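Containing mmCIF, C-alpha atoms: input_21.cif.
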```cif
data_protein
#
loop_
_atom_site.group_PDB
_atom_site.id
_atom_site.type_symbol
_atom_site.label_atom_id
_atom_site.label_comp_id
_atom_site.auth_asym_id
_atom_site.auth_seq_id
_atom_site.Cartn_x
_atom_site.Cartn_y
_atom_site.Cartn_z
ATOM 1 C CA MET A 1 0.000 0.000 0.000
ATOM 2 C CA ILE A 2 1.326 3.445 -0.969
ATOM 3 C CA THR A 3 -0.042 6.317 1.115
ATOM 4 C CA LEU A 4 0.005 9.913 -0.130
ATOM 5 C CA THR A 5 -1.344 13.144 1.321
ATOM 6 C CA PRO A 6 -3.288 15.505 -0.968
ATOM 7 C CA ASP A 7 -0.126 17.644 -1.173
ATOM 8 C CA ASP A 8 1.854 14.572 -2.246
ATOM 9 C CA VAL A 9 -0.723 13.779 -4.926
ATOM 10 C CA ARG A 10 -0.663 17.366 -6.161
ATOM 11 C CA ALA A 11 3.117 17.386 -6.314
ATOM 12 C CA ARG A 12 3.153 14.129 -8.256
ATOM 13 C CA PHE A 13 0.433 14.860 -10.830
ATOM 14 C CA GLY A 14 0.119 18.639 -10.732
ATOM 15 C CA PRO A 15 -2.890 20.624 -9.496
ATOM 16 C CA LEU A 16 -6.169 19.344 -10.940
ATOM 17 C CA PHE A 17 -9.825 20.254 -10.612
ATOM 18 C CA SER A 18 -11.518 18.859 -7.477
ATOM 19 C CA MET A 19 -12.535 21.717 -5.197
ATOM 20 C CA LYS A 20 -14.067 19.880 -2.203
ATOM 21 C CA TYR A 21 -14.699 16.367 -0.904
ATOM 22 C CA LEU A 22 -16.836 15.515 2.112
ATOM 23 C CA ALA A 23 -18.368 12.270 3.415
ATOM 24 C CA MET A 24 -21.243 12.054 5.912
ATOM 25 C CA VAL A 25 -22.423 8.792 7.482
ATOM 26 C CA ASP A 26 -25.763 7.770 8.968
ATOM 27 C CA GLN A 27 -25.015 4.455 10.650
ATOM 28 C CA LYS A 28 -28.575 3.822 11.791
ATOM 29 C CA SER A 29 -29.790 3.790 8.173
ATOM 30 C CA GLY A 30 -26.622 2.217 6.754
ATOM 31 C CA LEU A 31 -26.078 5.135 4.387
ATOM 32 C CA ALA A 32 -23.411 7.654 3.478
ATOM 33 C CA GLU A 33 -23.760 10.935 1.618
ATOM 34 C CA ILE A 34 -20.710 12.034 -0.353
ATOM 35 C CA ARG A 35 -20.429 15.524 -1.793
ATOM 36 C CA GLU A 36 -17.899 16.543 -4.409
ATOM 37 C CA HIS A 37 -17.379 19.967 -5.886
ATOM 38 C CA CYS A 38 -15.479 20.346 -9.156
ATOM 39 C CA ARG A 39 -14.330 23.345 -11.202
ATOM 40 C CA ALA A 40 -16.090 22.033 -14.321
ATOM 41 C CA ARG A 41 -19.680 20.927 -14.825
ATOM 42 C CA GLY A 42 -18.875 18.483 -17.635
ATOM 43 C CA THR A 43 -16.528 16.335 -15.567
ATOM 44 C CA ILE A 44 -18.888 16.082 -12.613
ATOM 45 C CA GLU A 45 -21.782 15.095 -14.897
ATOM 46 C CA TRP A 46 -19.660 12.457 -16.670
ATOM 47 C CA ASP A 47 -18.467 11.031 -13.362
ATOM 48 C CA ALA A 48 -22.045 10.862 -12.080
ATOM 49 C CA ALA A 49 -23.308 9.037 -15.174
ATOM 50 C CA ASN A 50 -20.491 6.500 -15.072
ATOM 51 C CA ARG A 51 -20.784 5.806 -11.356
ATOM 52 C CA VAL A 52 -24.518 5.172 -11.579
ATOM 53 C CA ARG A 53 -23.955 2.830 -14.535
ATOM 54 C CA ALA A 54 -21.215 0.952 -12.681
ATOM 55 C CA GLY A 55 -23.353 0.288 -9.618
ATOM 56 C CA GLY A 56 -21.234 -0.738 -6.677
ATOM 57 C CA ALA A 57 -21.990 1.066 -3.423
ATOM 58 C CA ILE A 58 -23.854 3.943 -5.065
ATOM 59 C CA GLN A 59 -27.593 4.070 -4.436
ATOM 60 C CA SER A 60 -28.478 7.366 -6.127
ATOM 61 C CA CYS A 61 -26.795 10.473 -7.422
ATOM 62 C CA HIS A 62 -27.729 13.983 -8.477
ATOM 63 C CA VAL A 63 -25.831 16.970 -9.820
ATOM 64 C CA GLU A 64 -26.475 20.647 -9.151
ATOM 65 C CA GLY A 65 -24.143 22.853 -11.164
ATOM 66 C CA THR A 66 -20.622 21.626 -10.458
ATOM 67 C CA THR A 67 -21.526 19.744 -7.268
ATOM 68 C CA MET A 68 -22.361 16.029 -7.109
ATOM 69 C CA THR A 69 -24.220 14.444 -4.201
ATOM 70 C CA MET A 70 -24.055 10.666 -3.949
ATOM 71 C CA LEU A 71 -26.120 8.476 -1.657
ATOM 72 C CA ALA A 72 -24.249 5.238 -0.984
ATOM 73 C CA ARG A 73 -24.662 2.073 1.036
ATOM 74 C CA LEU A 74 -22.177 1.295 3.784
ATOM 75 C CA GLY A 75 -20.015 -1.727 3.114
ATOM 76 C CA VAL A 76 -18.377 -3.128 -0.013
ATOM 77 C CA SER A 77 -20.447 -3.841 -3.124
ATOM 78 C CA PRO A 78 -19.420 -5.369 -6.475
ATOM 79 C CA ALA A 79 -19.226 -2.879 -9.341
ATOM 80 C CA LYS A 80 -19.166 -3.266 -13.102
ATOM 81 C CA PHE A 81 -17.778 -0.978 -15.797
ATOM 82 C CA GLY A 82 -19.407 0.164 -18.977
ATOM 83 C CA ALA A 83 -22.809 -0.616 -20.429
ATOM 84 C CA ALA A 84 -21.739 -4.188 -21.212
ATOM 85 C CA GLY A 85 -20.555 -4.856 -17.667
ATOM 86 C CA ARG A 86 -16.911 -5.249 -18.690
ATOM 87 C CA GLU A 87 -13.925 -3.084 -17.905
ATOM 88 C CA ILE A 88 -14.237 -1.006 -21.060
ATOM 89 C CA GLY A 89 -14.158 2.366 -19.388
ATOM 90 C CA GLY A 90 -15.831 4.093 -16.487
ATOM 91 C CA GLN A 91 -15.561 4.798 -12.814
ATOM 92 C CA ALA A 92 -17.051 3.237 -9.682
ATOM 93 C CA LEU A 93 -17.440 3.662 -5.957
ATOM 94 C CA GLU A 94 -16.898 0.138 -4.651
ATOM 95 C CA GLY A 95 -17.193 0.635 -0.918
ATOM 96 C CA VAL A 96 -17.804 2.982 2.016
ATOM 97 C CA GLU A 97 -16.556 2.031 5.471
ATOM 98 C CA VAL A 98 -16.159 3.786 8.807
ATOM 99 C CA SER A 99 -12.859 3.419 10.652
ATOM 100 C CA GLY A 100 -12.806 5.293 13.955
ATOM 101 C CA ASP A 101 -13.481 8.943 13.153
ATOM 102 C CA GLU A 102 -12.625 8.509 9.467
ATOM 103 C CA VAL A 103 -14.527 7.411 6.361
ATOM 104 C CA VAL A 104 -12.743 5.150 3.861
ATOM 105 C CA THR A 105 -14.148 5.083 0.316
ATOM 106 C CA THR A 106 -12.816 2.657 -2.302
ATOM 107 C CA TRP A 107 -12.723 3.752 -5.957
ATOM 108 C CA SER A 108 -11.849 2.284 -9.356
ATOM 109 C CA GLY A 109 -11.415 4.044 -12.653
ATOM 110 C CA ILE A 110 -10.182 3.272 -16.140
ATOM 111 C CA ALA A 111 -8.355 5.615 -18.534
ATOM 112 C CA GLY A 112 -9.404 9.239 -17.955
ATOM 113 C CA ALA A 113 -11.799 8.102 -15.234
ATOM 114 C CA GLY A 114 -8.810 6.595 -13.453
ATOM 115 C CA VAL A 115 -7.121 9.986 -13.510
ATOM 116 C CA GLY A 116 -10.299 11.381 -11.994
ATOM 117 C CA VAL A 117 -10.165 9.245 -8.862
ATOM 118 C CA ALA A 118 -6.439 8.498 -8.501
ATOM 119 C CA ALA A 119 -5.088 11.997 -9.188
ATOM 120 C CA CYS A 120 -7.922 14.535 -9.138
ATOM 121 C CA LEU A 121 -10.277 13.467 -6.344
ATOM 122 C CA ALA A 122 -7.359 12.283 -4.212
ATOM 123 C CA GLN A 123 -6.007 15.837 -3.908
ATOM 124 C CA ALA A 124 -9.338 17.533 -3.130
ATOM 125 C CA PRO A 125 -9.629 19.754 -0.053
ATOM 126 C CA GLY A 126 -11.293 17.609 2.592
ATOM 127 C CA VAL A 127 -9.280 14.467 1.821
ATOM 128 C CA THR A 128 -6.953 13.291 4.602
ATOM 129 C CA ARG A 129 -4.920 10.802 2.561
ATOM 130 C CA ALA A 130 -5.084 8.474 -0.435
ATOM 131 C CA GLU A 131 -4.020 4.825 -0.304
ATOM 132 C CA TYR A 132 -2.980 3.055 -3.520
ATOM 133 C CA PRO A 133 -2.805 -0.775 -3.523
ATOM 134 C CA THR A 134 0.193 -0.992 -5.900
ATOM 135 C CA ASP A 135 2.622 1.155 -7.876
ATOM 136 C CA ASP A 136 0.594 0.403 -11.002
ATOM 137 C CA ASP A 137 -2.337 2.325 -9.526
ATOM 138 C CA LEU A 138 -0.177 5.445 -9.649
ATOM 139 C CA ARG A 139 0.413 5.036 -13.405
ATOM 140 C CA ILE A 140 -2.574 7.078 -14.537
ATOM 141 C CA GLY A 141 -4.015 7.657 -17.991
ATOM 142 C CA GLY A 142 -4.052 5.567 -21.130
ATOM 143 C CA ALA A 143 -6.122 2.388 -20.839
ATOM 144 C CA ARG A 144 -4.953 1.498 -17.345
ATOM 145 C CA VAL A 145 -7.128 0.621 -14.367
ATOM 146 C CA CYS A 146 -6.418 2.664 -11.233
ATOM 147 C CA ARG A 147 -7.700 1.887 -7.760
ATOM 148 C CA VAL A 148 -7.486 4.052 -4.662
ATOM 149 C CA ARG A 149 -8.845 4.276 -1.122
ATOM 150 C CA ILE A 150 -9.701 7.857 -0.181
ATOM 151 C CA VAL A 151 -9.735 8.608 3.539
ATOM 152 C CA SER A 152 -11.549 11.639 4.946
ATOM 153 C CA PRO A 153 -12.920 12.846 8.305
ATOM 154 C CA LEU A 154 -16.193 11.356 9.524
ATOM 155 C CA TYR A 155 -19.169 13.741 9.503
ATOM 156 C CA GLU A 156 -22.843 13.332 10.278
ATOM 157 C CA LYS A 157 -25.613 15.296 8.585
ATOM 158 C CA VAL A 158 -27.818 17.735 10.489
ATOM 159 C CA THR A 159 -30.875 19.404 8.941
ATOM 160 C CA ILE A 160 -32.394 22.403 10.724
ATOM 161 C CA GLY A 161 -35.811 23.822 9.840
ATOM 162 C CA ILE A 162 -36.693 27.424 10.732
ATOM 163 C CA ASP A 163 -39.993 29.286 10.381
ATOM 164 C CA ASP A 164 -41.937 32.294 11.663
ATOM 165 C CA THR A 165 -39.052 34.597 12.556
ATOM 166 C CA ASP A 166 -40.694 37.638 10.890
ATOM 167 C CA THR A 167 -43.868 39.725 10.992
ATOM 168 C CA ARG A 168 -45.885 41.652 8.397
ATOM 169 C CA GLU A 169 -43.925 44.753 9.404
ATOM 170 C CA GLU A 170 -40.349 43.482 9.354
ATOM 171 C CA GLY A 171 -37.993 40.579 8.870
ATOM 172 C CA ALA A 172 -37.595 37.684 6.426
ATOM 173 C CA THR A 173 -36.990 34.147 7.634
ATOM 174 C CA TRP A 174 -34.824 33.098 4.691
ATOM 175 C CA VAL A 175 -32.542 36.112 5.199
ATOM 176 C CA LEU A 176 -32.076 35.389 8.896
ATOM 177 C CA ALA A 177 -31.495 31.672 8.260
ATOM 178 C CA LEU A 178 -28.900 32.346 5.586
ATOM 179 C CA LYS A 179 -27.109 34.915 7.750
ATOM 180 C CA CYS A 180 -27.041 32.368 10.582
ATOM 181 C CA ALA A 181 -25.509 29.676 8.371
ATOM 182 C CA GLU A 182 -22.907 31.908 6.769
ATOM 183 C CA ALA A 183 -21.818 33.376 10.114
ATOM 184 C CA CYS A 184 -21.164 29.943 11.642
ATOM 185 C CA THR A 185 -17.465 29.479 12.403
ATOM 186 C CA ILE A 186 -17.597 26.449 14.717
ATOM 187 C CA PRO A 187 -14.607 24.160 14.055
ATOM 188 C CA GLY A 188 -15.804 20.811 12.739
ATOM 189 C CA VAL A 189 -19.022 22.227 11.286
ATOM 190 C CA GLU A 190 -19.399 22.600 7.505
ATOM 191 C CA TYR A 191 -22.364 24.554 6.142
ATOM 192 C CA LEU A 192 -23.684 22.680 3.092
ATOM 193 C CA ASP A 193 -26.696 24.535 1.706
ATOM 194 C CA MET A 194 -29.969 26.308 2.382
ATOM 195 C CA ARG A 195 -33.374 25.537 0.887
ATOM 196 C CA LEU A 196 -36.535 27.625 0.856
ATOM 197 C CA VAL A 197 -39.630 25.483 1.438
ATOM 198 C CA GLN A 198 -42.996 26.719 0.212
ATOM 199 C CA LEU A 199 -45.646 25.840 2.768
ATOM 200 C CA ASN A 200 -49.435 26.143 2.452
ATOM 201 C CA PRO A 201 -50.123 29.672 1.128
ATOM 202 C CA ALA A 202 -53.716 29.444 2.379
ATOM 203 C CA VAL A 203 -52.598 29.596 6.024
ATOM 204 C CA PRO A 204 -54.397 32.620 7.544
ATOM 205 C CA LYS A 205 -51.734 33.590 10.097
ATOM 206 C CA LYS A 206 -48.661 34.295 7.968
ATOM 207 C CA THR A 207 -46.604 37.190 6.706
ATOM 208 C CA THR A 208 -47.123 36.920 2.923
ATOM 209 C CA ASN A 209 -45.685 33.859 1.184
ATOM 210 C CA CYS A 210 -45.631 31.269 4.003
ATOM 211 C CA VAL A 211 -42.120 29.942 3.378
ATOM 212 C CA GLY A 212 -39.856 28.066 5.787
ATOM 213 C CA SER A 213 -36.088 27.647 5.533
ATOM 214 C CA ALA A 214 -33.943 24.523 5.858
ATOM 215 C CA LEU A 215 -30.224 24.585 6.650
ATOM 216 C CA ASN A 216 -28.017 21.539 6.051
ATOM 217 C CA PHE A 217 -24.724 21.029 7.870
ATOM 218 C CA ALA A 218 -22.024 18.364 7.971
ATOM 219 C CA VAL A 219 -20.863 17.997 11.569
ATOM 220 C CA ARG A 220 -17.895 16.227 13.126
ATOM 221 C CA PRO A 221 -18.408 13.930 16.147
ATOM 222 C CA GLY A 222 -19.030 15.854 19.351
ATOM 223 C CA LYS A 223 -19.897 19.147 17.623
ATOM 224 C CA VAL A 224 -23.667 18.835 17.204
ATOM 225 C CA ASP A 225 -24.609 20.388 20.553
ATOM 226 C CA ALA A 226 -22.428 23.428 19.866
ATOM 227 C CA LEU A 227 -24.076 23.887 16.464
ATOM 228 C CA LEU A 228 -27.613 23.645 17.826
ATOM 229 C CA GLU A 229 -26.859 26.062 20.662
ATOM 230 C CA TYR A 230 -25.376 28.530 18.178
ATOM 231 C CA VAL A 231 -28.331 28.317 15.761
ATOM 232 C CA CYS A 232 -30.922 28.642 18.513
ATOM 233 C CA ASP A 233 -29.197 31.666 20.054
ATOM 234 C CA PHE A 234 -28.645 33.372 16.684
ATOM 235 C CA ILE A 235 -32.191 32.863 15.410
ATOM 236 C CA GLU A 236 -34.077 33.622 18.612
ATOM 237 C CA SER A 237 -31.989 36.687 19.472
ATOM 238 C CA GLN A 238 -32.652 38.247 16.062
ATOM 239 C CA ALA A 239 -36.173 37.042 15.299
ATOM 240 C CA VAL A 240 -38.908 39.680 15.457
ATOM 241 C CA SER A 241 -41.700 37.163 16.049
ATOM 242 C CA ASP A 242 -42.706 35.301 19.201
ATOM 243 C CA ASP A 243 -43.856 32.340 17.098
ATOM 244 C CA THR A 244 -40.418 31.222 15.859
ATOM 245 C CA GLY A 245 -39.971 27.482 15.466
ATOM 246 C CA ILE A 246 -36.687 25.563 15.071
ATOM 247 C CA ALA A 247 -36.686 21.826 14.271
ATOM 248 C CA VAL A 248 -33.707 19.452 13.955
ATOM 249 C CA TYR A 249 -33.102 16.076 12.311
ATOM 250 C CA ARG A 250 -29.818 14.197 12.670
ATOM 251 C CA GLY A 251 -29.347 11.777 9.792
ATOM 252 C CA ILE A 252 -29.196 11.392 6.034
ATOM 253 C CA ALA A 253 -32.552 9.749 5.374
ATOM 254 C CA PHE A 254 -35.814 9.160 7.207
ATOM 255 C CA ALA A 255 -36.854 5.576 7.843
ATOM 256 C CA GLU A 256 -40.094 6.280 5.973
ATOM 257 C CA GLU A 257 -41.713 9.110 4.053
ATOM 258 C CA SER A 258 -43.978 11.317 6.138
ATOM 259 C CA PRO A 259 -47.547 12.122 5.040
ATOM 260 C CA TYR A 260 -46.761 15.631 6.257
ATOM 261 C CA LEU A 261 -44.692 16.217 3.105
ATOM 262 C CA LYS A 262 -48.012 16.832 1.388
ATOM 263 C CA ARG A 263 -49.975 18.098 4.367
ATOM 264 C CA VAL A 264 -47.666 21.031 5.207
ATOM 265 C CA LYS A 265 -48.159 22.306 1.664
ATOM 266 C CA THR A 266 -51.916 21.674 1.345
ATOM 267 C CA GLU A 267 -53.622 21.662 4.765
ATOM 268 C CA LEU A 268 -54.045 23.732 7.907
ATOM 269 C CA LEU A 269 -52.260 21.916 10.701
ATOM 270 C CA THR A 270 -52.123 22.341 14.468
ATOM 271 C CA ILE A 271 -49.088 22.553 16.706
ATOM 272 C CA ASP A 272 -50.137 19.339 18.442
ATOM 273 C CA GLU A 273 -50.242 17.514 15.089
ATOM 274 C CA ALA A 274 -46.801 18.832 14.140
ATOM 275 C CA GLU A 275 -45.265 17.881 17.478
ATOM 276 C CA ALA A 276 -46.727 14.363 17.309
ATOM 277 C CA GLU A 277 -45.443 13.821 13.753
ATOM 278 C CA ALA A 278 -42.041 15.244 14.638
ATOM 279 C CA ALA A 279 -41.711 12.779 17.519
ATOM 280 C CA ARG A 280 -42.737 9.919 15.226
ATOM 281 C CA MET A 281 -40.162 10.904 12.577
ATOM 282 C CA GLY A 282 -37.284 11.508 14.999
ATOM 283 C CA VAL A 283 -37.339 15.287 14.619
ATOM 284 C CA ARG A 284 -36.963 17.429 17.718
ATOM 285 C CA PHE A 285 -37.669 21.079 18.425
ATOM 286 C CA ILE A 286 -35.043 23.283 20.052
ATOM 287 C CA ASP A 287 -36.894 26.620 20.105
ATOM 288 C CA SER A 288 -38.123 28.072 23.390
ATOM 289 C CA ASN A 289 -41.497 29.303 22.093
ATOM 290 C CA ALA A 290 -43.461 26.083 21.416
ATOM 291 C CA ARG A 291 -45.797 28.019 19.135
ATOM 292 C CA LYS A 292 -47.073 27.842 15.554
ATOM 293 C CA GLY A 293 -43.638 28.251 13.964
ATOM 294 C CA ARG A 294 -43.026 24.598 14.787
ATOM 295 C CA ILE A 295 -45.424 23.570 12.021
ATOM 296 C CA GLY A 296 -43.387 25.267 9.306
ATOM 297 C CA ALA A 297 -40.095 24.279 10.918
ATOM 298 C CA LEU A 298 -41.112 20.609 10.697
ATOM 299 C CA GLY A 299 -42.144 21.125 7.074
ATOM 300 C CA ALA A 300 -38.772 22.686 6.297
ATOM 301 C CA VAL A 301 -36.926 19.691 7.768
ATOM 302 C CA LEU A 302 -39.065 17.186 5.865
ATOM 303 C CA TRP A 303 -38.505 19.006 2.552
ATOM 304 C CA GLY A 304 -34.962 20.186 3.263
ATOM 305 C CA ASN A 305 -33.299 17.527 1.091
ATOM 306 C CA LYS A 306 -36.032 16.912 -1.466
ATOM 307 C CA GLY A 307 -34.799 19.053 -4.361
ATOM 308 C CA VAL A 308 -36.144 22.072 -6.177
ATOM 309 C CA GLU A 309 -39.751 20.882 -5.739
ATOM 310 C CA ALA A 310 -39.458 22.075 -2.133
ATOM 311 C CA ALA A 311 -39.711 25.642 -3.419
ATOM 312 C CA GLY A 312 -43.008 25.102 -5.242
ATOM 313 C CA LEU A 313 -46.612 24.426 -4.390
ATOM 314 C CA TYR A 314 -47.419 20.762 -3.889
ATOM 315 C CA GLY A 315 -47.169 18.925 -7.202
ATOM 316 C CA GLU A 316 -45.265 21.658 -9.041
ATOM 317 C CA THR A 317 -42.149 20.558 -10.891
ATOM 318 C CA LEU A 318 -39.562 22.323 -13.028
#
```

If you convert what's in this file into structure tokens, what do you get?
Amino acid sequence: MITLTPDDVRARFGPLFSMKYLAMVDQKSGLAEIREHCRARGTIEWDAANRVRAGGAIQSCHVEGTTMTMLARLGVSPAKFGAAGREIGGQALEGVEVSGDEVVTTWSGIAGAGVGVAACLAQAPGVTRAEYPTDDDLRIGGARVCRVRIVSPLYEKVTIGIDDTDTREEGATWVLALKCAEACTIPGVEYLDMRLVQLNPAVPKKTTNCVGSALNFAVRPGKVDALLEYVCDFIESQAVSDDTGIAVYRGIAFAEESPYLKRVKTELLTIDEAEAEAARMGVRFIDSNARKGRIGALGAVLWGNKGVEAAGLYGETL
């Protein structure tokens, strides 16, 4: 086994194009979420198409701009290359394993795809080290097969839903949520993204649009409490409403889909209903108000990783 740091990889092959690599694990569901950010959209799209075709540990994949998000199963899974199932080109994620406070992902690539994993991804910010089985795996390009184990810090995923921080006279929940996320400087906490979630516009007690906000973070072991304390203090100290709700889910995927995905966009719900469904789904509230904002905060958590449809009325697609 040959072990190289990202700096070693960069020195050997020259600076390439991976901008960020991050792996989150949800052990209770047996899943990992891997995010990669590249300088070019074409390469990330090609990688995504080839990994899905190859199978292996990958369960699903989507691309937004130059960022790829992969959902993968924990463990090692057999992969195949190319449409014919032979090693005729392509790239695969063959395994995801947790070792202490690190995540080890195992990759294979052929030809240019081998360069992608052995030289490009291996030097991405966020990678701790790359482990190559043999010297041949460091001979990139041409028609060669390259294999590499990429080791990175272990993170878990935390989704936070926020609603009802504003009034008809002042404030905007999405602005406050985004300011909160971008101001977070807690070591071991990585802000991933923010999503606006359209709730039921027929709700009578609202400002105008009835929109909640979801914040997604990757969090190192032992840092979740500090993040939640920070978010609660930031939001509640700057909210101009007494109805503010803040909901939290720790994990990559829910065990089942909630009927409230539809209900928060189409029905008038009560706080008691929202609190009961949150408890059933493993979502907890950290606000101090215990008022109607909890309904929208739950909705934001449930839709926070559902894609662009979260921003529309129920049933709308782009």

- request: Evaluate the PyMOL selection byres ((chain A and resi 17) around 10) on the structure here and hand back the selected residues as a list in words.
  value: Pro15, Leu16, Ser18, Met19, Lys20, His37, Cys38, Arg39, Ala40, Thr43, Gly116, Ala119, Cys120, Leu121, Gln123 and Ala124 of chain A

query: Near Arg149 (chain A), within 7 Å and counting only C-alpha atoms, which residues show up once chain neighbours fewer than 2 positions away are dropped, as a list in words?
result: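 The residues satisfying every condition are Val104, Thr105, Thr106, Trp107, Ala130, Glu131, Tyr132 and Val151 of chain A.
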
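Here, the PyMOL selection byres ((chain A and resi 254-271) around 8) matches Ser29, Gln198, Leu199, Asn200, Pro201, Ala202, Val203, Gly251, Ile252, Ala253, Asp272, Glu273, Ala274, Glu275, Glu277, Met281, Arg291, Lys292, Arg294, Ile295, Gly296, Gly299, Leu302, Trp303, Leu313 and Tyr314 of chain A.
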
- request: May I ask which of the residues A:Thr128, A:Thr167, A:Val98, A:Val248 is the closest one to Ala279 (chain A), counting only C-alpha atoms?
  value: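 Comparing A:Thr128, A:Thr167, A:Val98, A:Val248 against Ala279 (chain A), the winner is A:Val248.
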
task: Could you jot down the CA of Ala143 (chain A) to CA of Val127 (chain A) separation for me, Å, one decimal place?
output: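 Computing the Euclidean distance for CA of Ala143 (chain A) and CA of Val127 (chain A) yields 25.9 Å.
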
query: Which residues match the PyMOL selection byres ((chain A and resi 136) around 12) in the file above, as a ChimeraX atom specification?
result: /A:1-2,114,118,132-135,137-141,144-148

task: Give me, please, the distance in Å between CA of Leu178 (chain A) and CA of Ile44 (chain A), quoted to one decimal.
output: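 These two atoms are separated by 26.4 Å.
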
- prompt: Counting all atoms listed in the file, which of A:Ala122, A:Gly112, A:Ala48, A:Asp163 gets nearest to Gly14 (chain A)?
  reply: A:Ala122
